[in-house]
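For reference, target-v8.csv (CSV, C-alpha atoms and all ligand atoms):
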chain,number,residue,atom,x,y,z
A,26,MET,CA,16.5,13.8,16.6
A,27,ASN,CA,14.8,10.6,15.4
A,28,THR,CA,12.5,10.5,12.4
A,29,ILE,CA,9.2,10.4,14.2
A,30,VAL,CA,10.2,13.6,16.1
A,31,GLN,CA,11.2,15.3,12.8
A,32,HIS,CA,8.0,14.2,11.1
A,33,LEU,CA,5.9,15.4,14.0
A,34,GLN,CA,7.6,18.8,13.7
A,35,LEU,CA,6.8,18.9,9.9
A,36,VAL,CA,3.2,18.0,10.6
A,37,HIS,CA,2.9,20.8,13.2
A,38,ASP,CA,4.5,23.2,10.6
A,39,ARG,CA,1.9,22.1,8.0
A,40,ILE,CA,-1.0,22.7,10.5
A,41,THR,CA,0.4,26.1,11.4
A,42,ALA,CA,0.8,27.2,7.8
A,43,ALA,CA,-2.7,25.9,6.9
A,44,ALA,CA,-4.2,27.7,9.9
A,45,THR,CA,-2.4,31.0,9.0
A,46,ALA,CA,-3.4,30.8,5.4
A,47,CYS,CA,-7.1,30.8,6.3
A,48,GLY,CA,-7.0,33.1,9.3
A,49,ARG,CA,-7.4,30.5,12.0
A,50,ARG,CA,-5.2,30.0,15.1
A,51,GLU,CA,-3.0,26.9,15.1
A,52,HIS,CA,-4.1,26.2,18.7
A,53,ASP,CA,-7.6,25.6,17.5
A,54,ILE,CA,-6.5,22.6,15.6
A,55,GLN,CA,-5.4,19.5,17.5
A,56,LEU,CA,-3.2,16.7,16.2
A,57,LEU,CA,-4.2,13.1,16.6
A,58,ALA,CA,-1.3,10.8,15.9
A,59,VAL,CA,-2.6,7.6,14.3
A,60,SER,CA,-0.4,4.8,15.5
A,61,LYS,CA,-2.3,1.8,14.1
A,62,THR,CA,0.0,-1.2,13.2
A,63,LYS,CA,2.9,0.7,14.7
A,64,PRO,CA,4.7,-0.6,17.8
A,65,ALA,CA,4.4,0.9,21.3
A,66,ALA,CA,8.0,2.2,20.9
A,67,ASP,CA,6.9,4.5,18.1
A,68,VAL,CA,4.1,5.9,20.3
A,69,GLN,CA,6.6,6.4,23.1
A,70,ALA,CA,9.0,8.3,20.7
A,71,ALA,CA,6.1,10.7,19.8
A,72,TYR,CA,5.1,11.0,23.4
A,73,ALA,CA,8.6,12.0,24.4
A,74,ALA,CA,8.3,14.8,21.8
A,75,GLY,CA,5.2,16.1,23.5
A,76,GLN,CA,2.4,14.3,21.5
A,77,ARG,CA,-0.4,13.2,23.8
A,78,GLN,CA,-3.4,12.2,21.6
A,79,PHE,CA,-3.2,9.0,19.8
A,80,GLY,CA,-5.6,7.2,17.5
A,81,GLU,CA,-6.0,3.4,17.0
A,82,ASN,CA,-8.2,1.4,14.6
A,83,TYR,CA,-8.1,-2.2,16.0
A,84,VAL,CA,-9.4,-2.7,19.5
A,85,GLN,CA,-7.2,-5.6,20.6
A,86,GLU,CA,-4.0,-4.2,19.2
A,87,ALA,CA,-4.8,-0.9,20.9
A,88,VAL,CA,-5.6,-2.3,24.3
A,89,ASP,CA,-2.2,-4.2,24.2
A,90,LYS,CA,-0.4,-0.9,23.6
A,91,ILE,CA,-2.5,1.0,26.1
A,92,LYS,CA,-1.6,-1.5,28.8
A,93,ALA,CA,2.1,-1.5,27.8
A,94,LEU,CA,2.3,2.3,27.9
A,95,LYS,CA,0.3,2.8,31.1
A,96,THR,CA,3.2,3.6,33.4
A,97,THR,CA,5.7,5.2,31.0
A,98,CYS,CA,3.1,7.4,29.2
A,99,PRO,CA,0.4,7.9,31.8
A,100,ASP,CA,-1.4,10.9,30.3
A,101,ILE,CA,-2.0,9.7,26.8
A,102,CYS,CA,-5.5,10.3,25.5
A,103,TRP,CA,-6.6,7.3,23.4
A,104,HIS,CA,-9.1,7.6,20.5
A,105,LEU,CA,-10.7,4.7,18.8
A,106,ILE,CA,-11.1,5.7,15.1
A,107,GLY,CA,-11.8,2.3,13.6
A,108,PRO,CA,-15.1,0.4,13.3
A,109,LEU,CA,-16.5,-1.0,16.6
A,110,GLN,CA,-18.3,-4.3,16.9
A,111,SER,CA,-20.6,-4.7,19.9
A,112,ASN,CA,-18.6,-7.7,21.2
A,113,LYS,CA,-15.6,-5.4,21.7
A,114,SER,CA,-17.5,-2.5,23.3
A,115,ARG,CA,-16.6,-3.4,26.9
A,116,LEU,CA,-12.8,-3.4,26.2
A,117,VAL,CA,-13.3,0.0,24.5
A,118,ALA,CA,-15.4,1.4,27.4
A,119,GLU,CA,-12.8,0.3,29.9
A,120,HIS,CA,-9.6,1.5,28.1
A,121,PHE,CA,-10.3,4.4,25.7
A,122,ASP,CA,-10.9,8.1,26.3
A,123,TRP,CA,-12.7,8.8,23.0
A,124,VAL,CA,-14.7,6.8,20.4
A,125,GLN,CA,-15.0,8.7,17.1
A,126,THR,CA,-16.9,6.0,15.2
A,127,VAL,CA,-20.3,5.8,16.9
A,128,ASP,CA,-23.0,5.5,14.3
A,129,ARG,CA,-25.8,3.6,16.0
A,130,LEU,CA,-27.7,3.7,19.2
A,131,LYS,CA,-27.1,0.1,20.3
A,132,ILE,CA,-23.3,0.7,20.4
A,133,ALA,CA,-23.7,4.0,22.2
A,134,GLN,CA,-25.9,2.3,24.9
A,135,ARG,CA,-23.5,-0.5,25.4
A,136,LEU,CA,-20.5,1.9,25.7
A,137,SER,CA,-22.5,4.0,28.2
A,138,ASP,CA,-23.6,1.0,30.3
A,139,GLN,CA,-20.1,-0.5,30.3
A,140,ARG,CA,-18.1,2.7,31.1
A,141,PRO,CA,-16.7,2.1,34.6
A,142,VAL,CA,-18.2,4.6,37.1
A,143,HIS,CA,-14.9,5.7,38.4
A,144,MET,CA,-13.8,6.9,34.9
A,145,ARG,CA,-14.9,10.1,33.3
A,146,PRO,CA,-17.6,9.8,30.6
A,147,LEU,CA,-16.4,8.5,27.3
A,148,ASN,CA,-16.0,11.3,24.7
A,149,ILE,CA,-18.0,10.5,21.6
A,150,CYS,CA,-18.0,11.7,18.0
A,151,LEU,CA,-20.7,10.6,15.6
A,152,GLN,CA,-19.3,9.2,12.4
A,153,VAL,CA,-20.9,10.8,9.3
A,154,ASN,CA,-20.8,9.3,5.8
A,155,VAL,CA,-20.5,12.5,3.9
A,156,SER,CA,-19.7,10.9,0.6
A,157,GLY,CA,-22.9,8.7,0.8
A,158,GLU,CA,-21.0,5.7,-0.5
A,159,ALA,CA,-23.0,2.6,0.3
A,160,SER,CA,-19.9,0.7,1.4
A,161,LYS,CA,-19.0,3.2,4.1
A,162,SER,CA,-20.0,3.1,7.7
A,163,GLY,CA,-21.4,6.2,9.3
A,164,LEU,CA,-24.7,8.0,9.5
A,165,LEU,CA,-26.2,9.9,6.6
A,166,PRO,CA,-26.3,13.6,7.4
A,167,ALA,CA,-30.0,13.5,7.8
A,168,GLN,CA,-29.7,10.9,10.6
A,169,VAL,CA,-27.2,12.7,12.7
A,170,GLU,CA,-29.5,14.9,14.8
A,171,ALA,CA,-31.7,12.1,16.0
A,172,LEU,CA,-28.8,10.0,17.2
A,173,ALA,CA,-27.2,13.1,18.8
A,174,GLU,CA,-30.3,13.7,20.9
A,175,GLN,CA,-30.2,10.1,22.1
A,176,VAL,CA,-26.5,10.0,22.9
A,177,THR,CA,-26.8,13.2,24.9
A,178,GLU,CA,-29.1,11.3,27.3
A,179,LEU,CA,-26.6,8.5,28.0
A,180,PRO,CA,-24.8,9.1,31.4
A,181,GLY,CA,-21.6,7.3,30.5
A,182,LEU,CA,-21.0,9.3,27.3
A,183,ARG,CA,-20.2,12.9,26.4
A,184,LEU,CA,-21.0,13.9,22.9
A,185,ARG,CA,-18.2,16.1,21.6
A,186,GLY,CA,-18.6,16.3,17.8
A,187,LEU,CA,-18.5,14.7,14.4
A,188,MET,CA,-16.0,12.7,12.5
A,189,ALA,CA,-15.8,11.8,8.8
A,190,ILE,CA,-13.6,9.8,6.5
A,191,PRO,CA,-14.4,11.4,3.1
A,192,GLU,CA,-14.1,9.6,-0.2
A,193,ALA,CA,-10.6,8.8,-1.2
A,194,THR,CA,-10.6,11.0,-4.3
A,195,GLY,CA,-7.9,13.1,-6.0
A,196,ASP,CA,-10.7,15.6,-6.9
A,197,ARG,CA,-9.9,18.4,-4.5
A,198,GLU,CA,-13.1,20.2,-5.4
A,199,LYS,CA,-15.3,17.2,-4.6
A,200,LEU,CA,-13.4,16.6,-1.4
A,201,GLY,CA,-13.7,20.2,-0.3
A,202,ALA,CA,-17.4,20.1,-0.9
A,203,GLN,CA,-17.8,17.1,1.3
A,204,LEU,CA,-15.7,18.6,4.1
A,205,LEU,CA,-17.7,21.8,3.9
A,206,GLU,CA,-20.9,19.9,4.1
A,207,LEU,CA,-19.7,18.3,7.3
A,208,LYS,CA,-18.6,21.7,8.7
A,209,GLN,CA,-22.1,23.1,8.0
A,210,LEU,CA,-23.7,20.1,9.6
A,211,PHE,CA,-21.4,20.6,12.6
A,212,ASP,CA,-22.3,24.3,12.9
A,213,ARG,CA,-26.0,23.5,12.9
A,214,MET,CA,-25.6,20.8,15.5
A,215,ALA,CA,-23.4,23.1,17.7
A,216,GLU,CA,-26.3,25.6,17.9
A,217,LYS,CA,-28.5,23.0,19.6
A,218,HIS,CA,-25.6,21.2,21.5
A,219,PRO,CA,-23.2,23.9,22.8
A,220,GLN,CA,-20.9,21.3,24.2
A,221,LEU,CA,-19.8,20.2,20.7
A,222,ASP,CA,-16.3,21.3,20.1
A,223,THR,CA,-14.7,18.7,17.9
A,224,LEU,CA,-14.8,18.4,14.1
A,225,SER,CA,-12.6,15.5,13.3
A,226,MET,CA,-11.5,15.5,9.6
A,227,GLY,CA,-8.3,15.6,7.6
A,228,MET,CA,-5.5,13.0,7.3
A,229,SER,CA,-1.9,13.0,6.0
A,230,ASN,CA,-2.8,13.9,2.4
A,231,ASP,CA,-5.6,16.4,3.0
A,232,LEU,CA,-5.0,18.1,6.3
A,233,GLU,CA,-4.5,21.6,4.7
A,234,LEU,CA,-7.9,21.4,3.0
A,235,ALA,CA,-9.5,20.0,6.1
A,236,VAL,CA,-8.1,22.9,8.2
A,237,ALA,CA,-9.4,25.4,5.6
A,238,CYS,CA,-12.8,23.8,5.9
A,239,GLY,CA,-13.0,24.1,9.7
A,240,SER,CA,-11.4,20.9,11.1
A,241,THR,CA,-10.5,21.1,14.8
A,242,LEU,CA,-8.8,17.7,14.9
A,243,VAL,CA,-6.7,16.2,12.1
A,244,ARG,CA,-5.9,12.5,12.2
A,245,VAL,CA,-2.4,11.9,10.9
A,246,GLY,CA,-0.7,8.5,10.6
A,247,THR,CA,1.6,8.1,7.6
A,248,ALA,CA,3.1,11.6,7.7
A,249,ILE,CA,4.3,10.9,11.3
A,250,PHE,CA,5.0,7.2,11.5
A,251,GLY,CA,5.8,6.4,7.9
A,252,SER,CA,3.9,4.1,5.6
A,253,ARG,CA,2.1,1.0,7.0
A,254,ASN,CA,3.2,-2.2,5.4
A,255,PRO,CA,0.5,-4.8,5.0
B,1,LIG,C1,-5.5,5.3,9.2
B,1,LIG,C2,-6.5,6.4,9.5
B,1,LIG,C3,-6.0,7.7,9.5
B,1,LIG,C4,-4.6,8.1,9.1
B,1,LIG,O1,-4.4,8.1,7.8
B,1,LIG,P1,-3.0,8.6,7.1
B,1,LIG,O2,-3.3,8.7,5.7
B,1,LIG,O3,-2.0,7.5,7.4
B,1,LIG,O4,-2.7,9.9,7.8
B,1,LIG,C5,-7.0,8.7,9.8
B,1,LIG,N1,-8.2,8.4,10.1
B,1,LIG,C6,-8.7,7.1,10.1
B,1,LIG,C7,-10.1,6.9,10.4
B,1,LIG,C8,-7.8,6.1,9.7
B,1,LIG,O5,-8.3,4.8,9.7
Structure re-expressed in structure tokens:
Amino acid sequence: MNTIVQHLQLVHDRITAAATACGRREHDIQLLAVSKTKPAADVQAAYAAGQRQFGENYVQEAVDKIKALKTTCPDICWHLIGPLQSNKSRLVAEHFDWVQTVDRLKIAQRLSDQRPVHMRPLNICLQVNVSGEASKSGLLPAQVEALAEQVTELPGLRLRGLMAIPEATGDREKLGAQLLELKQLFDRMAEKHPQLDTLSMGMSNDLELAVACGSTLVRVGTAIFGSRNP
């Protein structure tokens, strides 16, 4: 077995253990393999082991991989989890299945307009800035409902949930508080928007905590593909 396959198994074991520890079912938590900066061959190795959802941060790099893998890995579900500038929105609308980083109406409108009619609506998560750090992208929690209402009206998009990149802190209590705040916001939103089924939070270092706080999709890069050299 190669390393990526072994690492994938370890990550699945971690998810199972975390789910069991808090009385959740492992099947309610999906794994997004974050393959940014890694070659298409690494994606293919994970695919061969059954992994189907992949996350990418950089649009052009991702589109190159998506095209390269189109015939050998036809049923990959590609998520954009990096920031999106409007001049790249067409490429994204034409190649991705999900965009997790929508935080303004203008981008949402462009993605909807540019989504090819023969493709299914693009799945969307609104990115929330739970830590309130000024340098971070994402909506403040108080802004989420208004944008959700607007995104729901756009024909090329399907609103699926919320995503957050919490503060990089070693303070587990603080991190847990931020993840729980996002979970509470998600639950309030889901009452009004029953189609919401995705709470994207948790990465290599904090997936157990994220699962305990209600994550339905953990985004894991390093623990599967190894560290990313600059
Ligand atoms: C890179 C990245 C990840 C994966 O982080 P790891 O620590 O390598 O697991 C998850 N989410 C986002 C938004 C990222 O940019």
Next item on the list: Would you list the residues that come within 10 Å of ligand LIG 1 (chain B)? Count all atoms listed in the file and give the answer as a PyMOL selection string.
Entry: chain A and resi 57-62+80-83+105-108+125-126+152+188-191+225-232+243-253
Considering all atoms listed in the file, give me a table of residues in region 124-196 of chain A that are at most 9 Å from region 208-224 of chain A, with the closest atom pair and distance in Å for each, as a Markdown table.
| residue | atom | partner | partner_atom | distance |
| --- | --- | --- | --- | --- |
| A:Cys150 | CA | A:Thr223 | CA | 7.7 |
| A:Pro166 | CA | A:Leu210 | CA | 7.3 |
| A:Val169 | CA | A:Met214 | CA | 8.7 |
| A:Glu170 | CA | A:Met214 | CA | 7.1 |
| A:Ala173 | CA | A:Met214 | CA | 8.5 |
| A:Glu174 | CA | A:His218 | CA | 8.9 |
| A:Thr177 | CA | A:His218 | CA | 8.8 |
| A:Arg183 | CA | A:Gln220 | CA | 8.7 |
| A:Leu184 | CA | A:Leu221 | CA | 6.8 |
| A:Arg185 | CA | A:Leu221 | CA | 4.5 |
| A:Gly186 | CA | A:Thr223 | CA | 4.6 |
| A:Leu187 | CA | A:Leu224 | CA | 5.2 |
| A:Met188 | CA | A:Leu224 | CA | 6.0 |
| A:Ala189 | CA | A:Leu224 | CA | 8.5 |
Output C-alpha atoms of each residue in that selection to a file, as an mmCIF file, in the coordinates of the input.
data_model
loop_
_atom_site.group_PDB
_atom_site.id
_atom_site.type_symbol
_atom_site.label_atom_id
_atom_site.label_comp_id
_atom_site.auth_asym_id
_atom_site.auth_seq_id
_atom_site.Cartn_x
_atom_site.Cartn_y
_atom_site.Cartn_z
ATOM 1 C CA CYS A 150 -18.000 11.700 18.000
ATOM 2 C CA PRO A 166 -26.300 13.600 7.400
ATOM 3 C CA VAL A 169 -27.200 12.700 12.700
ATOM 4 C CA GLU A 170 -29.500 14.900 14.800
ATOM 5 C CA ALA A 173 -27.200 13.100 18.800
ATOM 6 C CA GLU A 174 -30.300 13.700 20.900
ATOM 7 C CA THR A 177 -26.800 13.200 24.900
ATOM 8 C CA ARG A 183 -20.200 12.900 26.400
ATOM 9 C CA LEU A 184 -21.000 13.900 22.900
ATOM 10 C CA ARG A 185 -18.200 16.100 21.600
ATOM 11 C CA GLY A 186 -18.600 16.300 17.800
ATOM 12 C CA LEU A 187 -18.500 14.700 14.400
ATOM 13 C CA MET A 188 -16.000 12.700 12.500
ATOM 14 C CA ALA A 189 -15.800 11.800 8.800
#
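Going from CA of His37 (chain A) over to CA of Ile101 (chain A), you cover 18.2 Å.
Those residues that approach region 47-55 of chain A to within 6 Å, counting all atoms listed in the file, are Thr41, Ala44, Thr45, Ala237, Thr241 and Leu242 of chain A; same-chain residues fewer than 2 positions away are not listed.
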Next item on the list: Please measure the separation of CA of Gln85 (chain A) and CA of Ser240 (chain A), giving the value in Å to one decimal.
Entry: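 Going from CA of Gln85 (chain A) over to CA of Ser240 (chain A) covers 28.5 Å.
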Margin query: Quick one: residues within 12 Å of Val142 (chain A), only C-alpha atoms, excluding same-chain residues fewer than 3 positions away - as a PyMOL selection string?
Written below: chain A and resi 118-119+136-139+145-147+180-182
Residues just named, written with C-alpha atoms as a PDB file, keeping the file's coordinate frame:
ATOM      1  CA  ALA A 118     -15.400   1.400  27.400  1.00  0.00           C
ATOM      2  CA  GLU A 119     -12.800   0.300  29.900  1.00  0.00           C
ATOM      3  CA  LEU A 136     -20.500   1.900  25.700  1.00  0.00           C
ATOM      4  CA  SER A 137     -22.500   4.000  28.200  1.00  0.00           C
ATOM      5  CA  ASP A 138     -23.600   1.000  30.300  1.00  0.00           C
ATOM      6  CA  GLN A 139     -20.100  -0.500  30.300  1.00  0.00           C
ATOM      7  CA  ARG A 145     -14.900  10.100  33.300  1.00  0.00           C
ATOM      8  CA  PRO A 146     -17.600   9.800  30.600  1.00  0.00           C
ATOM      9  CA  LEU A 147     -16.400   8.500  27.300  1.00  0.00           C
ATOM     10  CA  PRO A 180     -24.800   9.100  31.400  1.00  0.00           C
ATOM     11  CA  GLY A 181     -21.600   7.300  30.500  1.00  0.00           C
ATOM     12  CA  LEU A 182     -21.000   9.300  27.300  1.00  0.00           C
TER      13      LEU A 182
END
Notebook entry, point to check: Separation of CA of Ala71 (chain A) and CA of Phe121 (chain A), in Å?
Noted result: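 Taking CA of Ala71 (chain A) as the start and CA of Phe121 (chain A) as the end point, the length is 18.5 Å.
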Note to self: Under the rule that only C-alpha atoms are counted, which of A:Asn148, A:Pro64, A:Lys161, A:Leu204 is the nearest residue to Val176 (chain A)?
What the structure shows: A:Asn148
Got a minute to add N, CA, C and O atoms to region 50-64 of chain A and dump it as an mmCIF file, in the coordinates of the input?
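Saved to rebuild.cif:
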data_model
loop_
_atom_site.group_PDB
_atom_site.id
_atom_site.type_symbol
_atom_site.label_atom_id
_atom_site.label_comp_id
_atom_site.auth_asym_id
_atom_site.auth_seq_id
_atom_site.Cartn_x
_atom_site.Cartn_y
_atom_site.Cartn_z
ATOM 1 N N ARG A 50 -6.359 30.141 14.188
ATOM 2 C CA ARG A 50 -5.200 30.000 15.100
ATOM 3 C C ARG A 50 -4.789 28.566 15.166
ATOM 4 O O ARG A 50 -5.633 27.664 15.272
ATOM 5 N N GLU A 51 -3.496 28.320 15.137
ATOM 6 C CA GLU A 51 -3.000 26.900 15.100
ATOM 7 C C GLU A 51 -3.488 26.174 16.367
ATOM 8 O O GLU A 51 -3.703 24.972 16.316
ATOM 9 N N HIS A 52 -3.685 26.885 17.471
ATOM 10 C CA HIS A 52 -4.100 26.200 18.700
ATOM 11 C C HIS A 52 -5.530 25.680 18.633
ATOM 12 O O HIS A 52 -5.936 24.893 19.471
ATOM 13 N N ASP A 53 -6.270 26.130 17.663
ATOM 14 C CA ASP A 53 -7.600 25.600 17.500
ATOM 15 C C ASP A 53 -7.700 24.318 16.760
ATOM 16 O O ASP A 53 -8.779 23.742 16.587
ATOM 17 N N ILE A 54 -6.544 23.859 16.299
ATOM 18 C CA ILE A 54 -6.500 22.600 15.600
ATOM 19 C C ILE A 54 -5.591 21.619 16.330
ATOM 20 O O ILE A 54 -4.409 21.888 16.521
ATOM 21 N N GLN A 55 -6.158 20.513 16.772
ATOM 22 C CA GLN A 55 -5.400 19.500 17.500
ATOM 23 C C GLN A 55 -4.896 18.431 16.571
ATOM 24 O O GLN A 55 -5.516 18.156 15.540
ATOM 25 N N LEU A 56 -3.795 17.816 16.972
ATOM 26 C CA LEU A 56 -3.200 16.700 16.200
ATOM 27 C C LEU A 56 -3.429 15.398 16.876
ATOM 28 O O LEU A 56 -3.006 15.205 18.021
ATOM 29 N N LEU A 57 -4.094 14.493 16.166
ATOM 30 C CA LEU A 57 -4.200 13.100 16.600
ATOM 31 C C LEU A 57 -3.225 12.275 15.858
ATOM 32 O O LEU A 57 -3.278 12.214 14.623
ATOM 33 N N ALA A 58 -2.284 11.659 16.561
ATOM 34 C CA ALA A 58 -1.300 10.800 15.900
ATOM 35 C C ALA A 58 -1.842 9.400 15.765
ATOM 36 O O ALA A 58 -2.155 8.752 16.759
ATOM 37 N N VAL A 59 -1.992 8.952 14.531
ATOM 38 C CA VAL A 59 -2.600 7.600 14.300
ATOM 39 C C VAL A 59 -1.547 6.566 14.231
ATOM 40 O O VAL A 59 -0.752 6.496 13.290
ATOM 41 N N SER A 60 -1.532 5.747 15.280
ATOM 42 C CA SER A 60 -0.400 4.800 15.500
ATOM 43 C C SER A 60 -0.803 3.350 15.157
ATOM 44 O O SER A 60 -0.081 2.431 15.531
ATOM 45 N N LYS A 61 -1.898 3.149 14.456
ATOM 46 C CA LYS A 61 -2.300 1.800 14.100
ATOM 47 C C LYS A 61 -1.214 1.028 13.383
ATOM 48 O O LYS A 61 -0.520 1.626 12.550
ATOM 49 N N THR A 62 -1.050 -0.226 13.724
ATOM 50 C CA THR A 62 0.000 -1.200 13.200
ATOM 51 C C THR A 62 1.403 -0.810 13.615
ATOM 52 O O THR A 62 2.327 -1.536 13.297
ATOM 53 N N LYS A 63 1.572 0.293 14.309
ATOM 54 C CA LYS A 63 2.900 0.700 14.700
ATOM 55 C C LYS A 63 3.198 0.236 16.169
ATOM 56 O O LYS A 63 2.288 0.201 16.986
ATOM 57 N N PRO A 64 4.443 -0.082 16.481
ATOM 58 C CA PRO A 64 4.700 -0.600 17.800
ATOM 59 C C PRO A 64 4.649 0.470 18.914
ATOM 60 O O PRO A 64 4.726 1.670 18.638
#
